[in-house]
>>> print(open('structure10.pdb').read())   # PDB, C-alpha atoms, pLDDT in the B column
ATOM      1  CA  MET L   1     -43.696  41.927  28.945  1.00 62.00           C
ATOM      2  CA  GLY L   2     -44.610  39.887  25.887  1.00 73.00           C
ATOM      3  CA  LEU L   3     -44.846  36.724  27.961  1.00 73.00           C
ATOM      4  CA  THR L   4     -47.183  38.351  30.446  1.00 76.00           C
ATOM      5  CA  MET L   5     -49.437  39.672  27.681  1.00 77.00           C
ATOM      6  CA  GLY L   6     -49.574  36.250  26.029  1.00 80.00           C
ATOM      7  CA  VAL L   7     -50.437  34.545  29.299  1.00 81.00           C
ATOM      8  CA  GLY L   8     -53.019  37.269  29.944  1.00 79.00           C
ATOM      9  CA  VAL L   9     -54.807  36.398  26.708  1.00 82.00           C
ATOM     10  CA  LEU L  10     -54.860  32.716  27.637  1.00 84.00           C
ATOM     11  CA  LEU L  11     -56.098  33.542  31.135  1.00 82.00           C
ATOM     12  CA  SER L  12     -58.903  35.717  29.806  1.00 81.00           C
ATOM     13  CA  GLN L  13     -60.009  32.892  27.493  1.00 84.00           C
ATOM     14  CA  LYS L  14     -60.124  30.411  30.377  1.00 85.00           C
ATOM     15  CA  PHE L  15     -61.871  32.930  32.606  1.00 82.00           C
ATOM     16  CA  GLY L  16     -64.457  33.819  29.962  1.00 82.00           C
ATOM     17  CA  ALA L  17     -65.189  30.143  29.280  1.00 87.00           C
ATOM     18  CA  GLY L  18     -65.726  29.542  32.995  1.00 86.00           C
ATOM     19  CA  ASP L  19     -62.916  26.974  33.095  1.00 87.00           C
ATOM     20  CA  ARG L  20     -61.740  27.551  36.660  1.00 87.00           C
ATOM     21  CA  GLU L  21     -59.396  24.556  36.744  1.00 91.00           C
ATOM     22  CA  GLY L  22     -57.835  25.480  33.399  1.00 90.00           C
ATOM     23  CA  PHE L  23     -57.501  29.070  34.600  1.00 87.00           C
ATOM     24  CA  ARG L  24     -55.734  27.960  37.780  1.00 90.00           C
ATOM     25  CA  ILE L  25     -53.351  25.705  35.871  1.00 92.00           C
ATOM     26  CA  GLN L  26     -52.620  28.369  33.234  1.00 89.00           C
ATOM     27  CA  PHE L  27     -52.036  31.035  35.881  1.00 89.00           C
ATOM     28  CA  SER L  28     -49.623  28.930  37.928  1.00 91.00           C
ATOM     29  CA  THR L  29     -47.800  27.561  34.866  1.00 92.00           C
ATOM     30  CA  GLY L  30     -47.300  31.060  33.457  1.00 90.00           C
ATOM     31  CA  LEU L  31     -46.117  32.395  36.792  1.00 92.00           C
ATOM     32  CA  ILE L  32     -43.703  29.553  37.536  1.00 94.00           C
ATOM     33  CA  GLY L  33     -42.367  29.466  33.972  1.00 92.00           C
ATOM     34  CA  GLY L  34     -41.863  33.216  33.910  1.00 91.00           C
ATOM     35  CA  VAL L  35     -40.127  33.302  37.273  1.00 94.00           C
ATOM     36  CA  VAL L  36     -37.798  30.449  36.316  1.00 96.00           C
ATOM     37  CA  PHE L  37     -36.983  32.029  32.931  1.00 94.00           C
ATOM     38  CA  THR L  38     -36.344  35.424  34.523  1.00 94.00           C
ATOM     39  CA  LEU L  39     -34.099  33.994  37.234  1.00 96.00           C
ATOM     40  CA  VAL L  40     -32.110  31.975  34.692  1.00 97.00           C
ATOM     41  CA  MET L  41     -31.673  35.041  32.479  1.00 95.00           C
ATOM     42  CA  ALA L  42     -30.514  37.092  35.477  1.00 96.00           C
ATOM     43  CA  ALA L  43     -28.126  34.335  36.555  1.00 96.00           C
ATOM     44  CA  VAL L  44     -26.609  34.281  33.060  1.00 97.00           C
ATOM     45  CA  CYS L  45     -26.567  38.024  32.377  1.00 96.00           C
ATOM     46  CA  ILE L  46     -25.174  39.272  35.703  1.00 96.00           C
ATOM     47  CA  PRO L  47     -21.844  37.400  35.422  1.00 96.00           C
ATOM     48  CA  LEU L  48     -21.607  38.134  31.690  1.00 96.00           C
ATOM     49  CA  SER L  49     -22.261  41.873  31.974  1.00 96.00           C
ATOM     50  CA  GLY L  50     -18.546  42.705  31.744  1.00 95.00           C
ATOM     51  CA  LEU L  51     -18.180  40.563  28.626  1.00 96.00           C
ATOM     52  CA  MET L  52     -21.204  42.262  27.056  1.00 96.00           C
ATOM     53  CA  LEU L  53     -19.708  45.675  27.731  1.00 96.00           C
ATOM     54  CA  ARG L  54     -16.340  44.684  26.290  1.00 96.00           C
ATOM     55  CA  ALA L  55     -18.090  43.315  23.192  1.00 96.00           C
ATOM     56  CA  SER L  56     -19.867  46.649  22.745  1.00 96.00           C
ATOM     57  CA  GLN L  57     -16.545  48.492  23.216  1.00 96.00           C
ATOM     58  CA  THR L  58     -17.618  50.481  26.263  1.00 95.00           C
ATOM     59  CA  PRO L  59     -15.042  53.175  27.123  1.00 95.00           C
ATOM     60  CA  ALA L  60     -12.796  52.346  30.082  1.00 94.00           C
ATOM     61  CA  GLU L  61     -13.800  55.558  31.924  1.00 96.00           C
ATOM     62  CA  ILE L  62     -17.379  54.365  32.375  1.00 96.00           C
ATOM     63  CA  PHE L  63     -16.856  50.602  32.297  1.00 96.00           C
ATOM     64  CA  ASP L  64     -17.104  49.916  36.066  1.00 96.00           C
ATOM     65  CA  VAL L  65     -20.116  52.163  36.621  1.00 97.00           C
ATOM     66  CA  THR L  66     -21.904  50.757  33.587  1.00 96.00           C
ATOM     67  CA  LYS L  67     -21.190  47.193  34.682  1.00 96.00           C
ATOM     68  CA  SER L  68     -22.665  47.901  38.119  1.00 96.00           C
ATOM     69  CA  TYR L  69     -25.691  49.522  36.517  1.00 96.00           C
ATOM     70  CA  LEU L  70     -26.291  46.525  34.244  1.00 96.00           C
ATOM     71  CA  GLN L  71     -25.987  44.123  37.145  1.00 96.00           C
ATOM     72  CA  VAL L  72     -28.613  46.059  39.100  1.00 96.00           C
ATOM     73  CA  ILE L  73     -30.938  46.079  36.076  1.00 96.00           C
ATOM     74  CA  PHE L  74     -30.488  42.345  35.495  1.00 96.00           C
ATOM     75  CA  GLY L  75     -30.975  41.653  39.202  1.00 95.00           C
ATOM     76  CA  GLY L  76     -34.237  43.594  39.182  1.00 95.00           C
ATOM     77  CA  MET L  77     -35.735  41.740  36.223  1.00 94.00           C
ATOM     78  CA  ILE L  78     -37.659  39.434  38.558  1.00 93.00           C
ATOM     79  CA  PHE L  79     -39.490  42.373  40.118  1.00 94.00           C
ATOM     80  CA  SER L  80     -40.303  43.786  36.702  1.00 92.00           C
ATOM     81  CA  PHE L  81     -41.693  40.427  35.595  1.00 91.00           C
ATOM     82  CA  LEU L  82     -43.841  40.018  38.709  1.00 91.00           C
ATOM     83  CA  TYR L  83     -45.203  43.557  38.364  1.00 91.00           C
ATOM     84  CA  ASN L  84     -46.050  43.063  34.685  1.00 87.00           C
ATOM     85  CA  TYR L  85     -47.623  39.661  35.370  1.00 87.00           C
ATOM     86  CA  TYR L  86     -49.850  41.146  38.050  1.00 86.00           C
ATOM     87  CA  LEU L  87     -50.905  44.063  35.839  1.00 83.00           C
ATOM     88  CA  SER L  88     -51.556  41.770  32.899  1.00 79.00           C
ATOM     89  CA  PHE L  89     -53.681  39.552  35.111  1.00 76.00           C
ATOM     90  CA  ARG L  90     -55.724  42.506  36.324  1.00 76.00           C
ATOM     91  CA  SER L  91     -56.184  44.126  32.924  1.00 72.00           C
ATOM     92  CA  PHE L  92     -57.186  40.992  31.020  1.00 69.00           C
ATOM     93  CA  ILE L  93     -59.507  39.642  33.677  1.00 65.00           C
ATOM     94  CA  HIS L  94     -60.910  43.076  34.655  1.00 65.00           C
ATOM     95  CA  ILE L  95     -61.061  42.305  38.332  1.00 57.00           C
ATOM     96  CA  ASP L  96     -61.004  45.107  40.844  1.00 46.00           C
ATOM     97  CA  LEU L  97     -59.029  43.697  43.752  1.00 46.00           C
ATOM     98  CA  ASN L  98     -59.666  46.623  46.104  1.00 43.00           C
TER      99      ASN L  98
END
>>> encode(input="structure10.pdb", output="structure tokens")
Amino acid sequence: MGLTMGVGVLLSQKFGAGDREGFRIQFSTGLIGGVVFTLVMAAVCIPLSGLMLRASQTPAEIFDVTKSYLQVIFGGMIFSFLYNYYLSFRSFIHIDLN
């Protein structure tokens, strides 16, 4: 969420200055960078979810369910990023896309 807000500020500056080319570059760079970062984090966190739970001393009774839950959450991070990026774009630029 912090990344999307930061990119939103930069996008609004480019948009307000009328720098269409800079806006396009900033938008695509933020989107590609965010997607890559999110996918890398998911690829690292999903296999390590069991290790994280063992490190936090999760009780054995809930270990398997909690591991599955974490893997779903980590797998869904990309959708959360894309949603937040879209909302940040809309709120900072104040464009009604309807």
>>> residues_around(input="structure10.pdb", residues="Phe63 in chain L", least_positions_apart="4", cutoff="12 Å", atoms="all atoms listed in the file", output="PyMOL selection string")
chain L and resi 49-59+67-70
>>> closest_residue(input="structure10.pdb", among="L:Pro47, L:Phe89, L:Gly75, L:Val40", to="Leu10 in chain L", atoms="all atoms listed in the file")
L:Phe89
>>> atom_distance(input="structure10.pdb", atom1="CA of Ala42 in chain L", atom2="CA of Phe74 in chain L")
5.3 Å
>>> atom_distance(input="structure10.pdb", atom1="CA of Ile73 in chain L", atom2="CA of Tyr85 in chain L")
17.9 Å
>>> residues_around(input="structure10.pdb", residues="Gly22 in chain L", least_positions_apart="6", cutoff="9 Å", atoms="only C-alpha atoms", output="ChimeraX atom specification")
/L:11,14-15
>>> closest_residue(input="structure10.pdb", among="L:Leu39, L:Cys45, L:Ile25, L:Leu82", to="Leu3 in chain L", atoms="all atoms listed in the file")
L:Leu82
>>> decode(input="structure10.pdb", residues="range 15-57 of chain L", atoms="N, CA and C atoms", output="mmCIF file, in the first residue's frame")
data_model
loop_
_atom_site.group_PDB
_atom_site.id
_atom_site.type_symbol
_atom_site.label_atom_id
_atom_site.label_comp_id
_atom_site.auth_asym_id
_atom_site.auth_seq_id
_atom_site.Cartn_x
_atom_site.Cartn_y
_atom_site.Cartn_z
ATOM 1 N N PHE L 15 1.139 14.443 -13.741
ATOM 2 C CA PHE L 15 -0.144 14.788 -14.351
ATOM 3 C C PHE L 15 -0.405 16.291 -14.227
ATOM 4 N N GLY L 16 -0.181 16.832 -13.043
ATOM 5 C CA GLY L 16 -0.407 18.259 -12.816
ATOM 6 C C GLY L 16 0.522 19.132 -13.633
ATOM 7 N N ALA L 17 1.728 18.685 -13.888
ATOM 8 C CA ALA L 17 2.695 19.444 -14.683
ATOM 9 C C ALA L 17 2.436 19.301 -16.179
ATOM 10 N N GLY L 18 1.516 18.417 -16.546
ATOM 11 C CA GLY L 18 1.222 18.197 -17.958
ATOM 12 C C GLY L 18 2.274 17.367 -18.678
ATOM 13 N N ASP L 19 3.094 16.663 -17.937
ATOM 14 C CA ASP L 19 4.156 15.832 -18.501
ATOM 15 C C ASP L 19 3.588 14.450 -18.824
ATOM 16 N N ARG L 20 2.989 14.332 -20.002
ATOM 17 C CA ARG L 20 2.333 13.079 -20.378
ATOM 18 C C ARG L 20 3.326 11.929 -20.535
ATOM 19 N N GLU L 21 4.478 12.209 -21.116
ATOM 20 C CA GLU L 21 5.478 11.156 -21.320
ATOM 21 C C GLU L 21 6.047 10.704 -19.972
ATOM 22 N N GLY L 22 6.346 11.651 -19.099
ATOM 23 C CA GLY L 22 6.831 11.309 -17.767
ATOM 24 C C GLY L 22 5.790 10.540 -16.973
ATOM 25 N N PHE L 23 4.526 10.922 -17.139
ATOM 26 C CA PHE L 23 3.423 10.234 -16.474
ATOM 27 C C PHE L 23 3.342 8.780 -16.939
ATOM 28 N N ARG L 24 3.429 8.595 -18.251
ATOM 29 C CA ARG L 24 3.351 7.244 -18.824
ATOM 30 C C ARG L 24 4.499 6.375 -18.329
ATOM 31 N N ILE L 25 5.691 6.937 -18.320
ATOM 32 C CA ILE L 25 6.865 6.185 -17.859
ATOM 33 C C ILE L 25 6.737 5.857 -16.369
ATOM 34 N N GLN L 26 6.330 6.842 -15.569
ATOM 35 C CA GLN L 26 6.193 6.629 -14.126
ATOM 36 C C GLN L 26 5.124 5.586 -13.824
ATOM 37 N N PHE L 27 4.013 5.652 -14.544
ATOM 38 C CA PHE L 27 2.921 4.705 -14.339
ATOM 39 C C PHE L 27 3.375 3.284 -14.638
ATOM 40 N N SER L 28 4.004 3.099 -15.803
ATOM 41 C CA SER L 28 4.411 1.743 -16.193
ATOM 42 C C SER L 28 5.547 1.224 -15.317
ATOM 43 N N THR L 29 6.480 2.095 -14.939
ATOM 44 C CA THR L 29 7.583 1.668 -14.070
ATOM 45 C C THR L 29 7.054 1.244 -12.701
ATOM 46 N N GLY L 30 6.152 2.031 -12.144
ATOM 47 C CA GLY L 30 5.563 1.685 -10.847
ATOM 48 C C GLY L 30 4.784 0.386 -10.903
ATOM 49 N N LEU L 31 4.037 0.205 -11.967
ATOM 50 C CA LEU L 31 3.233 -1.011 -12.116
ATOM 51 C C LEU L 31 4.120 -2.248 -12.287
ATOM 52 N N ILE L 32 5.076 -2.165 -13.187
ATOM 53 C CA ILE L 32 5.957 -3.315 -13.433
ATOM 54 C C ILE L 32 6.790 -3.622 -12.195
ATOM 55 N N GLY L 33 7.365 -2.589 -11.581
ATOM 56 C CA GLY L 33 8.170 -2.800 -10.379
ATOM 57 C C GLY L 33 7.371 -3.406 -9.242
ATOM 58 N N GLY L 34 6.152 -2.912 -9.056
ATOM 59 C CA GLY L 34 5.296 -3.438 -8.002
ATOM 60 C C GLY L 34 4.874 -4.875 -8.241
ATOM 61 N N VAL L 35 4.546 -5.185 -9.476
ATOM 62 C CA VAL L 35 4.147 -6.559 -9.811
ATOM 63 C C VAL L 35 5.321 -7.514 -9.606
ATOM 64 N N VAL L 36 6.501 -7.125 -10.072
ATOM 65 C CA VAL L 36 7.674 -7.985 -9.910
ATOM 66 C C VAL L 36 7.985 -8.185 -8.427
ATOM 67 N N PHE L 37 7.994 -7.099 -7.652
ATOM 68 C CA PHE L 37 8.275 -7.196 -6.218
ATOM 69 C C PHE L 37 7.254 -8.090 -5.520
ATOM 70 N N THR L 38 5.983 -7.919 -5.843
ATOM 71 C CA THR L 38 4.934 -8.713 -5.215
ATOM 72 C C THR L 38 5.063 -10.188 -5.570
ATOM 73 N N LEU L 39 5.339 -10.487 -6.824
ATOM 74 C CA LEU L 39 5.499 -11.882 -7.233
ATOM 75 C C LEU L 39 6.720 -12.530 -6.591
ATOM 76 N N VAL L 40 7.811 -11.775 -6.465
ATOM 77 C CA VAL L 40 9.004 -12.309 -5.807
ATOM 78 C C VAL L 40 8.711 -12.583 -4.332
ATOM 79 N N MET L 41 8.044 -11.633 -3.672
ATOM 80 C CA MET L 41 7.706 -11.832 -2.260
ATOM 81 C C MET L 41 6.808 -13.054 -2.089
ATOM 82 N N ALA L 42 5.829 -13.220 -2.964
ATOM 83 C CA ALA L 42 4.947 -14.389 -2.879
ATOM 84 C C ALA L 42 5.733 -15.674 -3.119
ATOM 85 N N ALA L 43 6.634 -15.644 -4.097
ATOM 86 C CA ALA L 43 7.430 -16.834 -4.403
ATOM 87 C C ALA L 43 8.358 -17.216 -3.252
ATOM 88 N N VAL L 44 8.781 -16.241 -2.476
ATOM 89 C CA VAL L 44 9.640 -16.513 -1.316
ATOM 90 C C VAL L 44 8.803 -16.932 -0.107
ATOM 91 N N CYS L 45 7.709 -16.230 0.129
ATOM 92 C CA CYS L 45 6.926 -16.451 1.349
ATOM 93 C C CYS L 45 6.092 -17.732 1.324
ATOM 94 N N ILE L 46 5.573 -18.115 0.171
ATOM 95 C CA ILE L 46 4.739 -19.321 0.112
ATOM 96 C C ILE L 46 5.527 -20.562 0.540
ATOM 97 N N PRO L 47 6.715 -20.817 -0.018
ATOM 98 C CA PRO L 47 7.452 -22.006 0.434
ATOM 99 C C PRO L 47 7.968 -21.894 1.871
ATOM 100 N N LEU L 48 8.193 -20.679 2.343
ATOM 101 C CA LEU L 48 8.730 -20.494 3.691
ATOM 102 C C LEU L 48 7.661 -20.347 4.769
ATOM 103 N N SER L 49 6.398 -20.485 4.405
ATOM 104 C CA SER L 49 5.333 -20.276 5.393
ATOM 105 C C SER L 49 5.419 -21.265 6.556
ATOM 106 N N GLY L 50 5.775 -22.507 6.284
ATOM 107 C CA GLY L 50 5.934 -23.484 7.367
ATOM 108 C C GLY L 50 7.060 -23.101 8.311
ATOM 109 N N LEU L 51 8.171 -22.645 7.751
ATOM 110 C CA LEU L 51 9.306 -22.205 8.567
ATOM 111 C C LEU L 51 8.922 -20.999 9.433
ATOM 112 N N MET L 52 8.181 -20.081 8.853
ATOM 113 C CA MET L 52 7.724 -18.905 9.618
ATOM 114 C C MET L 52 6.846 -19.323 10.795
ATOM 115 N N LEU L 53 5.973 -20.283 10.545
ATOM 116 C CA LEU L 53 5.081 -20.743 11.613
ATOM 117 C C LEU L 53 5.838 -21.494 12.696
ATOM 118 N N ARG L 54 6.823 -22.281 12.295
ATOM 119 C CA ARG L 54 7.648 -22.965 13.310
ATOM 120 C C ARG L 54 8.437 -21.951 14.132
ATOM 121 N N ALA L 55 8.949 -20.920 13.475
ATOM 122 C CA ALA L 55 9.711 -19.881 14.183
ATOM 123 C C ALA L 55 8.842 -19.124 15.185
ATOM 124 N N SER L 56 7.556 -18.993 14.866
ATOM 125 C CA SER L 56 6.644 -18.306 15.791
ATOM 126 C C SER L 56 5.975 -19.271 16.766
ATOM 127 N N GLN L 57 6.424 -20.528 16.762
ATOM 128 C CA GLN L 57 5.957 -21.559 17.688
ATOM 129 C C GLN L 57 4.441 -21.761 17.624
#
